[in-house]
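S.K.: Below is final-v4.csv; it holds CSV, N, CA and C atoms.
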```csv
chain,number,residue,atom,x,y,z
A,1,MET,N,0.8,-1.2,0.0
A,1,MET,CA,0.0,0.0,0.0
A,1,MET,C,0.9,1.3,0.0
A,2,ILE,N,1.9,1.3,0.8
A,2,ILE,CA,2.8,2.4,0.9
A,2,ILE,C,3.5,2.6,-0.4
A,3,VAL,N,3.9,1.5,-1.1
A,3,VAL,CA,4.6,1.5,-2.3
A,3,VAL,C,3.7,2.2,-3.4
A,4,LEU,N,2.4,1.8,-3.4
A,4,LEU,CA,1.5,2.4,-4.4
A,4,LEU,C,1.3,3.9,-4.1
A,5,LEU,N,1.2,4.3,-2.9
A,5,LEU,CA,1.1,5.7,-2.6
A,5,LEU,C,2.4,6.5,-3.0
A,6,ALA,N,3.5,5.9,-2.8
A,6,ALA,CA,4.8,6.5,-3.1
A,6,ALA,C,4.9,6.6,-4.7
A,7,ALA,N,4.5,5.6,-5.4
A,7,ALA,CA,4.5,5.6,-6.8
A,7,ALA,C,3.6,6.7,-7.4
A,8,SER,N,2.4,6.8,-6.8
A,8,SER,CA,1.4,7.8,-7.2
A,8,SER,C,2.0,9.2,-7.0
A,9,SER,N,2.6,9.4,-5.8
A,9,SER,CA,3.1,10.7,-5.5
A,9,SER,C,4.3,11.1,-6.5
A,10,ILE,N,5.1,10.1,-6.8
A,10,ILE,CA,6.2,10.4,-7.7
A,10,ILE,C,5.7,10.7,-9.1
A,11,THR,N,4.7,10.0,-9.6
A,11,THR,CA,4.0,10.2,-10.9
A,11,THR,C,3.4,11.6,-10.9
A,12,LEU,N,2.7,12.0,-9.9
A,12,LEU,CA,2.0,13.3,-9.9
A,12,LEU,C,3.1,14.4,-9.8
A,13,THR,N,4.1,14.2,-9.1
A,13,THR,CA,5.2,15.2,-9.0
A,13,THR,C,5.8,15.4,-10.4
A,14,ALA,N,6.1,14.3,-11.1
A,14,ALA,CA,6.7,14.4,-12.5
A,14,ALA,C,5.7,15.1,-13.4
A,15,LEU,N,4.4,14.8,-13.3
A,15,LEU,CA,3.5,15.4,-14.2
A,15,LEU,C,3.4,16.9,-13.9
A,16,GLN,N,3.4,17.3,-12.7
A,16,GLN,CA,3.4,18.7,-12.3
A,16,GLN,C,4.7,19.4,-12.8
A,17,ALA,N,5.8,18.7,-12.7
A,17,ALA,CA,7.1,19.3,-13.1
A,17,ALA,C,7.1,19.6,-14.6
A,18,SER,N,6.3,18.7,-15.4
A,18,SER,CA,6.3,18.9,-16.8
A,18,SER,C,5.6,20.1,-17.3
A,19,ILE,N,4.8,20.7,-16.4
A,19,ILE,CA,4.1,21.9,-16.7
A,19,ILE,C,4.8,23.2,-16.1
A,20,ASN,N,5.6,23.0,-15.1
A,20,ASN,CA,6.2,24.1,-14.4
A,20,ASN,C,7.2,24.8,-15.3
A,21,ALA,N,8.0,24.1,-16.0
A,21,ALA,CA,9.1,24.8,-16.9
A,21,ALA,C,8.4,25.7,-17.9
A,22,PRO,N,7.4,25.1,-18.7
A,22,PRO,CA,6.8,26.0,-19.7
A,22,PRO,C,6.0,27.2,-19.1
A,23,ARG,N,5.4,27.0,-17.9
A,23,ARG,CA,4.7,28.1,-17.3
A,23,ARG,C,5.7,29.2,-16.8
A,24,ASP,N,6.8,28.7,-16.2
A,24,ASP,CA,7.8,29.7,-15.8
A,24,ASP,C,8.4,30.4,-17.0
A,25,ALA,N,8.7,29.7,-18.1
A,25,ALA,CA,9.2,30.4,-19.3
A,25,ALA,C,8.2,31.4,-19.8
A,26,PHE,N,6.9,31.1,-19.8
A,26,PHE,CA,5.9,32.1,-20.2
A,26,PHE,C,5.9,33.3,-19.3
A,27,LYS,N,5.9,33.0,-18.0
A,27,LYS,CA,5.8,34.2,-17.1
A,27,LYS,C,7.1,35.1,-17.2
A,28,THR,N,8.2,34.4,-17.4
A,28,THR,CA,9.4,35.2,-17.6
A,28,THR,C,9.4,36.1,-18.9
A,29,CYS,N,8.8,35.5,-19.9
A,29,CYS,CA,8.7,36.2,-21.2
A,29,CYS,C,7.7,37.4,-21.0
A,30,LEU,N,6.6,37.2,-20.3
A,30,LEU,CA,5.7,38.3,-20.0
A,30,LEU,C,6.4,39.4,-19.3
A,31,LYS,N,7.2,39.1,-18.3
A,31,LYS,CA,7.9,40.1,-17.6
A,31,LYS,C,8.8,40.9,-18.5
A,32,ASP,N,9.6,40.1,-19.3
A,32,ASP,CA,10.6,40.8,-20.2
A,32,ASP,C,9.8,41.6,-21.3
A,33,ALA,N,8.7,41.1,-21.8
A,33,ALA,CA,8.0,41.8,-22.8
A,33,ALA,C,7.4,43.1,-22.2
A,34,SER,N,6.9,43.0,-21.0
A,34,SER,CA,6.4,44.2,-20.3
A,34,SER,C,7.4,45.3,-20.2
A,35,SER,N,8.6,44.9,-19.8
A,35,SER,CA,9.7,45.9,-19.7
A,35,SER,C,10.0,46.6,-21.0
A,36,LYS,N,10.0,45.7,-22.1
A,36,LYS,CA,10.3,46.3,-23.4
A,36,LYS,C,9.1,47.1,-23.9
A,37,ALA,N,7.9,46.7,-23.5
A,37,ALA,CA,6.7,47.5,-23.9
A,37,ALA,C,6.7,48.9,-23.2
A,38,LEU,N,7.1,48.9,-22.0
A,38,LEU,CA,7.3,50.2,-21.3
A,38,LEU,C,8.2,51.1,-22.0
A,39,GLY,N,9.4,50.6,-22.4
A,39,GLY,CA,10.4,51.3,-23.2
A,39,GLY,C,9.9,51.8,-24.5
A,40,ALA,N,9.1,51.0,-25.1
A,40,ALA,CA,8.5,51.3,-26.5
A,40,ALA,C,7.2,52.1,-26.3
A,41,LYS,N,6.8,52.4,-25.1
A,41,LYS,CA,5.6,53.2,-24.8
A,41,LYS,C,4.4,52.6,-25.5
A,42,VAL,N,4.2,51.3,-25.4
A,42,VAL,CA,3.1,50.6,-26.0
A,42,VAL,C,1.8,51.0,-25.1
A,43,THR,N,0.7,51.3,-25.8
A,43,THR,CA,-0.5,51.7,-25.1
A,43,THR,C,-1.1,50.4,-24.4
A,44,ALA,N,-1.9,50.6,-23.4
A,44,ALA,CA,-2.6,49.5,-22.7
A,44,ALA,C,-3.4,48.7,-23.7
A,45,GLU,N,-4.0,49.4,-24.7
A,45,GLU,CA,-4.9,48.8,-25.7
A,45,GLU,C,-4.0,47.8,-26.6
A,46,GLY,N,-2.8,48.2,-26.8
A,46,GLY,CA,-1.9,47.4,-27.7
A,46,GLY,C,-1.1,46.4,-27.0
A,47,TYR,N,-1.2,46.4,-25.6
A,47,TYR,CA,-0.3,45.5,-24.8
A,47,TYR,C,-0.5,44.1,-25.1
A,48,GLU,N,-1.8,43.6,-25.1
A,48,GLU,CA,-2.0,42.2,-25.3
A,48,GLU,C,-1.4,41.6,-26.6
A,49,ALA,N,-1.7,42.3,-27.7
A,49,ALA,CA,-1.1,41.9,-28.9
A,49,ALA,C,0.4,41.9,-28.9
A,50,TYR,N,0.9,42.9,-28.3
A,50,TYR,CA,2.4,43.0,-28.2
A,50,TYR,C,3.0,41.8,-27.5
A,51,VAL,N,2.5,41.5,-26.3
A,51,VAL,CA,3.1,40.4,-25.5
A,51,VAL,C,2.7,39.0,-26.2
A,52,ARG,N,1.6,38.9,-26.8
A,52,ARG,CA,1.3,37.6,-27.5
A,52,ARG,C,2.2,37.4,-28.6
A,53,THR,N,2.6,38.5,-29.3
A,53,THR,CA,3.5,38.4,-30.4
A,53,THR,C,5.0,38.1,-29.9
A,54,ALA,N,5.3,38.8,-28.9
A,54,ALA,CA,6.7,38.7,-28.3
A,54,ALA,C,6.9,37.3,-27.6
A,55,CYS,N,5.8,36.7,-27.1
A,55,CYS,CA,6.0,35.5,-26.4
A,55,CYS,C,5.3,34.3,-27.1
A,56,THR,N,5.3,34.3,-28.4
A,56,THR,CA,4.6,33.3,-29.2
A,56,THR,C,5.1,31.9,-28.8
A,57,ASN,N,6.4,31.7,-28.8
A,57,ASN,CA,7.0,30.4,-28.6
A,57,ASN,C,6.7,29.9,-27.2
A,58,GLU,N,6.9,30.8,-26.2
A,58,GLU,CA,6.6,30.4,-24.8
A,58,GLU,C,5.1,30.1,-24.5
A,59,LEU,N,4.3,31.0,-25.2
A,59,LEU,CA,2.8,30.8,-25.0
A,59,LEU,C,2.4,29.4,-25.6
A,60,GLY,N,3.0,29.1,-26.8
A,60,GLY,CA,2.7,27.8,-27.4
A,60,GLY,C,3.1,26.6,-26.6
A,61,GLY,N,4.3,26.7,-26.0
A,61,GLY,CA,4.9,25.7,-25.2
A,61,GLY,C,4.0,25.5,-23.9
A,62,PHE,N,3.6,26.6,-23.3
A,62,PHE,CA,2.8,26.5,-22.1
A,62,PHE,C,1.4,25.9,-22.4
A,63,ARG,N,0.9,26.3,-23.6
A,63,ARG,CA,-0.5,25.8,-24.0
A,63,ARG,C,-0.4,24.3,-24.2
A,64,THR,N,0.6,23.9,-25.0
A,64,THR,CA,0.8,22.5,-25.3
A,64,THR,C,1.0,21.6,-24.0
A,65,ALA,N,1.8,22.1,-23.1
A,65,ALA,CA,2.0,21.4,-21.8
A,65,ALA,C,0.8,21.3,-21.0
A,66,THR,N,0.0,22.4,-21.0
A,66,THR,CA,-1.2,22.4,-20.2
A,66,THR,C,-2.3,21.5,-20.7
A,67,VAL,N,-2.4,21.5,-22.1
A,67,VAL,CA,-3.4,20.5,-22.7
A,67,VAL,C,-2.9,19.1,-22.4
A,68,LYS,N,-1.7,18.8,-22.6
A,68,LYS,CA,-1.2,17.4,-22.3
A,68,LYS,C,-1.4,17.0,-20.9
A,69,PHE,N,-1.1,17.9,-19.9
A,69,PHE,CA,-1.3,17.7,-18.5
A,69,PHE,C,-2.8,17.4,-18.2
A,70,ASP,N,-3.7,18.2,-18.7
A,70,ASP,CA,-5.1,18.1,-18.5
A,70,ASP,C,-5.6,16.8,-19.1
A,71,MET,N,-5.2,16.5,-20.3
A,71,MET,CA,-5.6,15.2,-20.9
A,71,MET,C,-5.1,14.0,-20.2
A,72,GLY,N,-3.9,14.1,-19.6
A,72,GLY,CA,-3.4,13.1,-18.7
A,72,GLY,C,-4.2,12.9,-17.5
A,73,ASN,N,-5.0,13.9,-17.1
A,73,ASN,CA,-5.9,13.8,-16.0
A,73,ASN,C,-7.3,13.6,-16.4
A,74,LYS,N,-7.5,12.9,-17.5
A,74,LYS,CA,-8.8,12.5,-18.1
A,74,LYS,C,-9.7,13.6,-18.5
A,75,MET,N,-9.2,14.7,-19.0
A,75,MET,CA,-10.0,15.8,-19.5
A,75,MET,C,-10.1,15.6,-21.0
A,76,SER,N,-11.2,16.0,-21.6
A,76,SER,CA,-11.3,15.9,-23.1
A,76,SER,C,-10.4,16.9,-23.7
A,77,ARG,N,-10.0,16.7,-25.0
A,77,ARG,CA,-9.1,17.7,-25.6
A,77,ARG,C,-9.8,19.0,-25.7
A,78,LYS,N,-11.1,19.1,-26.0
A,78,LYS,CA,-11.8,20.4,-26.0
A,78,LYS,C,-11.7,21.1,-24.7
A,79,ASP,N,-12.0,20.4,-23.6
A,79,ASP,CA,-12.0,21.0,-22.3
A,79,ASP,C,-10.6,21.4,-21.9
A,80,ALA,N,-9.6,20.6,-22.2
A,80,ALA,CA,-8.2,20.9,-21.9
A,80,ALA,C,-7.8,22.1,-22.7
A,81,SER,N,-8.2,22.3,-24.0
A,81,SER,CA,-7.8,23.4,-24.8
A,81,SER,C,-8.5,24.7,-24.2
A,82,GLU,N,-9.7,24.6,-23.8
A,82,GLU,CA,-10.4,25.7,-23.2
A,82,GLU,C,-9.7,26.1,-21.9
A,83,ASP,N,-9.3,25.1,-21.1
A,83,ASP,CA,-8.6,25.4,-19.8
A,83,ASP,C,-7.3,26.1,-20.1
A,84,ALA,N,-6.6,25.6,-21.0
A,84,ALA,CA,-5.3,26.2,-21.4
A,84,ALA,C,-5.5,27.7,-21.8
A,85,ASP,N,-6.4,27.9,-22.7
A,85,ASP,CA,-6.7,29.3,-23.2
A,85,ASP,C,-7.1,30.2,-22.0
A,86,SER,N,-7.9,29.7,-21.1
A,86,SER,CA,-8.3,30.4,-19.9
A,86,SER,C,-7.1,30.8,-19.1
A,87,MET,N,-6.2,29.8,-18.8
A,87,MET,CA,-5.0,30.1,-18.0
A,87,MET,C,-4.2,31.2,-18.7
A,88,ILE,N,-4.0,31.1,-20.0
A,88,ILE,CA,-3.2,32.1,-20.7
A,88,ILE,C,-3.8,33.4,-20.6
A,89,SER,N,-5.1,33.5,-20.8
A,89,SER,CA,-5.8,34.8,-20.7
A,89,SER,C,-5.7,35.4,-19.3
A,90,ASP,N,-5.7,34.5,-18.3
A,90,ASP,CA,-5.5,35.0,-16.9
A,90,ASP,C,-4.1,35.6,-16.7
A,91,PHE,N,-3.1,34.9,-17.2
A,91,PHE,CA,-1.8,35.4,-17.1
A,91,PHE,C,-1.6,36.7,-17.8
A,92,VAL,N,-2.1,36.8,-19.1
A,92,VAL,CA,-2.0,38.0,-19.8
A,92,VAL,C,-2.8,39.2,-19.2
A,93,SER,N,-4.0,38.9,-18.7
A,93,SER,CA,-4.8,39.9,-18.0
A,93,SER,C,-4.1,40.4,-16.8
A,94,SER,N,-3.5,39.5,-16.0
A,94,SER,CA,-2.8,39.9,-14.8
A,94,SER,C,-1.6,40.8,-15.2
A,95,ALA,N,-0.9,40.4,-16.2
A,95,ALA,CA,0.3,41.2,-16.7
A,95,ALA,C,-0.1,42.5,-17.2
A,96,LEU,N,-1.3,42.6,-17.9
A,96,LEU,CA,-1.8,43.9,-18.3
A,96,LEU,C,-2.2,44.8,-17.2
A,97,ASP,N,-2.8,44.3,-16.1
A,97,ASP,CA,-3.1,45.1,-15.0
A,97,ASP,C,-1.8,45.7,-14.4
A,98,HIS,N,-0.8,44.8,-14.3
A,98,HIS,CA,0.5,45.3,-13.7
A,98,HIS,C,1.2,46.3,-14.7
A,99,TYR,N,1.0,46.1,-16.0
A,99,TYR,CA,1.6,47.0,-17.0
A,99,TYR,C,0.9,48.4,-16.9
A,100,LYS,N,-0.4,48.4,-16.7
A,100,LYS,CA,-1.1,49.7,-16.6
A,100,LYS,C,-0.6,50.4,-15.3
A,101,TYR,N,-0.4,49.7,-14.3
A,101,TYR,CA,0.1,50.3,-13.0
A,101,TYR,C,1.5,50.9,-13.3
A,102,MET,N,2.3,50.1,-13.9
A,102,MET,CA,3.7,50.5,-14.1
A,102,MET,C,3.8,51.7,-15.1
A,103,ALA,N,3.0,51.6,-16.1
A,103,ALA,CA,2.9,52.7,-17.1
A,103,ALA,C,2.4,54.0,-16.5
A,104,GLY,N,1.4,53.8,-15.7
A,104,GLY,CA,0.8,55.0,-15.0
A,104,GLY,C,1.8,55.7,-14.0
A,105,SER,N,2.6,54.8,-13.4
A,105,SER,CA,3.5,55.4,-12.4
A,105,SER,C,4.8,56.0,-13.0
A,106,SER,N,5.0,55.6,-14.3
A,106,SER,CA,6.2,56.1,-14.9
A,106,SER,C,6.0,57.4,-15.6
A,107,LEU,N,4.7,57.8,-15.7
A,107,LEU,CA,4.3,59.1,-16.4
A,107,LEU,C,4.2,60.1,-15.3
A,108,PRO,N,4.6,61.4,-15.7
A,108,PRO,CA,4.4,62.4,-14.7
A,108,PRO,C,3.0,62.6,-14.3
A,109,GLN,N,2.7,62.7,-13.1
A,109,GLN,CA,1.3,62.8,-12.6
A,109,GLN,C,0.9,64.3,-12.5
A,110,LYS,N,-0.2,64.6,-13.0
A,110,LYS,CA,-0.8,65.9,-12.9
A,110,LYS,C,-1.5,66.0,-11.5
A,111,LEU,N,-1.2,67.0,-10.8
A,111,LEU,CA,-1.9,67.2,-9.5
A,111,LEU,C,-3.1,68.1,-9.8
A,112,PRO,N,-4.2,67.9,-9.1
A,112,PRO,CA,-5.4,68.7,-9.3
A,112,PRO,C,-5.1,70.1,-8.9
A,113,ALA,N,-5.7,71.1,-9.5
A,113,ALA,CA,-5.5,72.5,-9.1
A,113,ALA,C,-6.0,72.7,-7.7
A,114,ALA,N,-5.3,73.4,-6.9
A,114,ALA,CA,-5.7,73.7,-5.6
A,114,ALA,C,-7.0,74.6,-5.6
A,115,THR,N,-7.9,74.2,-4.8
A,115,THR,CA,-9.2,75.0,-4.7
A,115,THR,C,-9.2,75.6,-3.3
A,116,PRO,N,-9.6,76.8,-3.2
A,116,PRO,CA,-9.8,77.4,-1.9
A,116,PRO,C,-10.9,76.7,-1.1
A,117,PRO,N,-10.8,76.7,0.2
A,117,PRO,CA,-11.9,76.1,1.0
A,117,PRO,C,-13.1,77.0,0.8
A,118,PRO,N,-14.3,76.4,0.9
A,118,PRO,CA,-15.5,77.1,0.8
A,118,PRO,C,-15.6,78.1,1.9
A,119,THR,N,-16.2,79.3,1.6
A,119,THR,CA,-16.4,80.3,2.7
A,119,THR,C,-17.7,80.1,3.3
A,120,PRO,N,-17.7,80.3,4.6
A,120,PRO,CA,-19.0,80.1,5.3
A,120,PRO,C,-20.0,81.2,4.9
A,121,ALA,N,-21.3,80.9,4.8
A,121,ALA,CA,-22.3,81.9,4.5
A,121,ALA,C,-22.3,82.9,5.6
A,122,ALA,N,-22.6,84.1,5.3
A,122,ALA,CA,-22.7,85.2,6.3
A,122,ALA,C,-23.8,84.9,7.3
A,123,GLN,N,-23.4,85.0,8.5
A,123,GLN,CA,-24.4,84.7,9.6
A,123,GLN,C,-24.9,86.1,10.1
A,124,PRO,N,-26.2,86.1,10.3
A,124,PRO,CA,-26.8,87.4,10.8
A,124,PRO,C,-26.4,87.6,12.3
A,125,LYS,N,-26.1,88.8,12.6
A,125,LYS,CA,-25.7,89.1,14.0
A,125,LYS,C,-26.9,89.4,14.8
A,126,ASN,N,-26.9,89.0,16.0
A,126,ASN,CA,-28.0,89.2,16.9
A,126,ASN,C,-27.7,90.4,17.8
```
When written as structure tokens, how does the structure in this file appear?
M.R.:
Amino acid sequence: MIVLLAASSITLTALQASINAPRDAFKTCLKDASSKALGAKVTAEGYEAYVRTACTNELGGFRTATVKFDMGNKMSRKDASEDADSMISDFVSSALDHYKYMAGSSLPQKLPAATPPPTPAAQPKN
């Protein structure tokens, strides 16, 4: 019984490791592409297309590994593909949020014009 449990644990660890490297490569590419996009002053609207183009190989490797992993866990190819696409969209969306923050903080901020405090209405004297 213990041998079976150990074998299952080793197998699951190996399967998980097969997806870690492609995921890490994709995340690293997103970080690098974000830095380059900041330098190129890519707009937030153009960011997703920019990183998907810059990280085509890493995105494809991560997608393939995710589909293979999910199918190894008895998921249909269609569901595995949808899951992989959803994960990729989540990573890109998260990177976009971070990019918007970084792009906003790197631009000079306009301070609102100072407005004088409201004056109290004249009070009748008794």
S.K.: Do a neighbour search on Ala95 (chain A) at 8 Å with only C-alpha atoms, toss out local chain neighbours closer than 5 positions, and write the hits as a PDB file with N, CA and C atoms, keeping the file's coordinate frame.
M.R.:
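The result, stored in selection_15.pdb:
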```pdb
ATOM      1  N   LEU A  30       6.600  37.200 -20.300  1.00  0.00           N
ATOM      2  CA  LEU A  30       5.700  38.300 -20.000  1.00  0.00           C
ATOM      3  C   LEU A  30       6.400  39.400 -19.300  1.00  0.00           C
ATOM      4  N   LYS A  31       7.200  39.100 -18.300  1.00  0.00           N
ATOM      5  CA  LYS A  31       7.900  40.100 -17.600  1.00  0.00           C
ATOM      6  C   LYS A  31       8.800  40.900 -18.500  1.00  0.00           C
ATOM      7  N   SER A  34       6.900  43.000 -21.000  1.00  0.00           N
ATOM      8  CA  SER A  34       6.400  44.200 -20.300  1.00  0.00           C
ATOM      9  C   SER A  34       7.400  45.300 -20.200  1.00  0.00           C
TER      10      SER A  34
END
```
S.K.: Using Å and a single decimal, report how far atom N of Ser94 (chain A) sits from atom N of Pro22 (chain A).
M.R.: 18.3 Å
S.K.: Can you tell me, as a list in words, what residues are no more than 12 Å from Asp79 (chain A) when counting only C-alpha atoms, ignoring any on the same chain fewer than 4 positions away?
M.R.: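 Near neighbours after the sequence-gap exclusion: Thr66, Val67, Lys68, Phe69, Asp70, Met71, Asn73, Lys74, Met75, Asp83, Ala84, Asp85 and Ser86 of chain A.
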S.K.: A:Arg52, A:Phe62, A:Val42, A:Ala103: which is nearest Ala21 (chain A), counting all atoms listed in the file?
M.R.: A:Phe62
S.K.: To one decimal in Å, tell me the separation between CA of Asn57 (chain A) and CA of Tyr101 (chain A).
M.R.: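 Going from CA of Asn57 (chain A) over to CA of Tyr101 (chain A), I get 26.2 Å.
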S.K.: Check the smallest atom-to-atom distance from each of A:Met87, A:Ala65, A:Ala49, A:Leu38 to Met102 (chain A) using only N, CA and C atoms, then report the winner.
M.R.: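 Closest to Met102 (chain A), using only N, CA and C atoms: A:Leu38.
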S.K.: Which residues are near Ala37 (chain A)? Cut-off 10 Å, only C-alpha atoms, ignore same chain within fewer than 6 positions. Put them as a list in words.
M.R.: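 Within the cut-off, the hits are Lys31, Thr43, Ala44, Gly46, Tyr47, Tyr50, Val51, Ala54, Tyr99 and Ala103 of chain A.
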S.K.: Using Å and a single decimal, report how far atom C of Lys41 (chain A) sits from atom N of Ser89 (chain A).
M.R.: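 Going from atom N of Ser89 (chain A) over to atom C of Lys41 (chain A) covers 21.8 Å.
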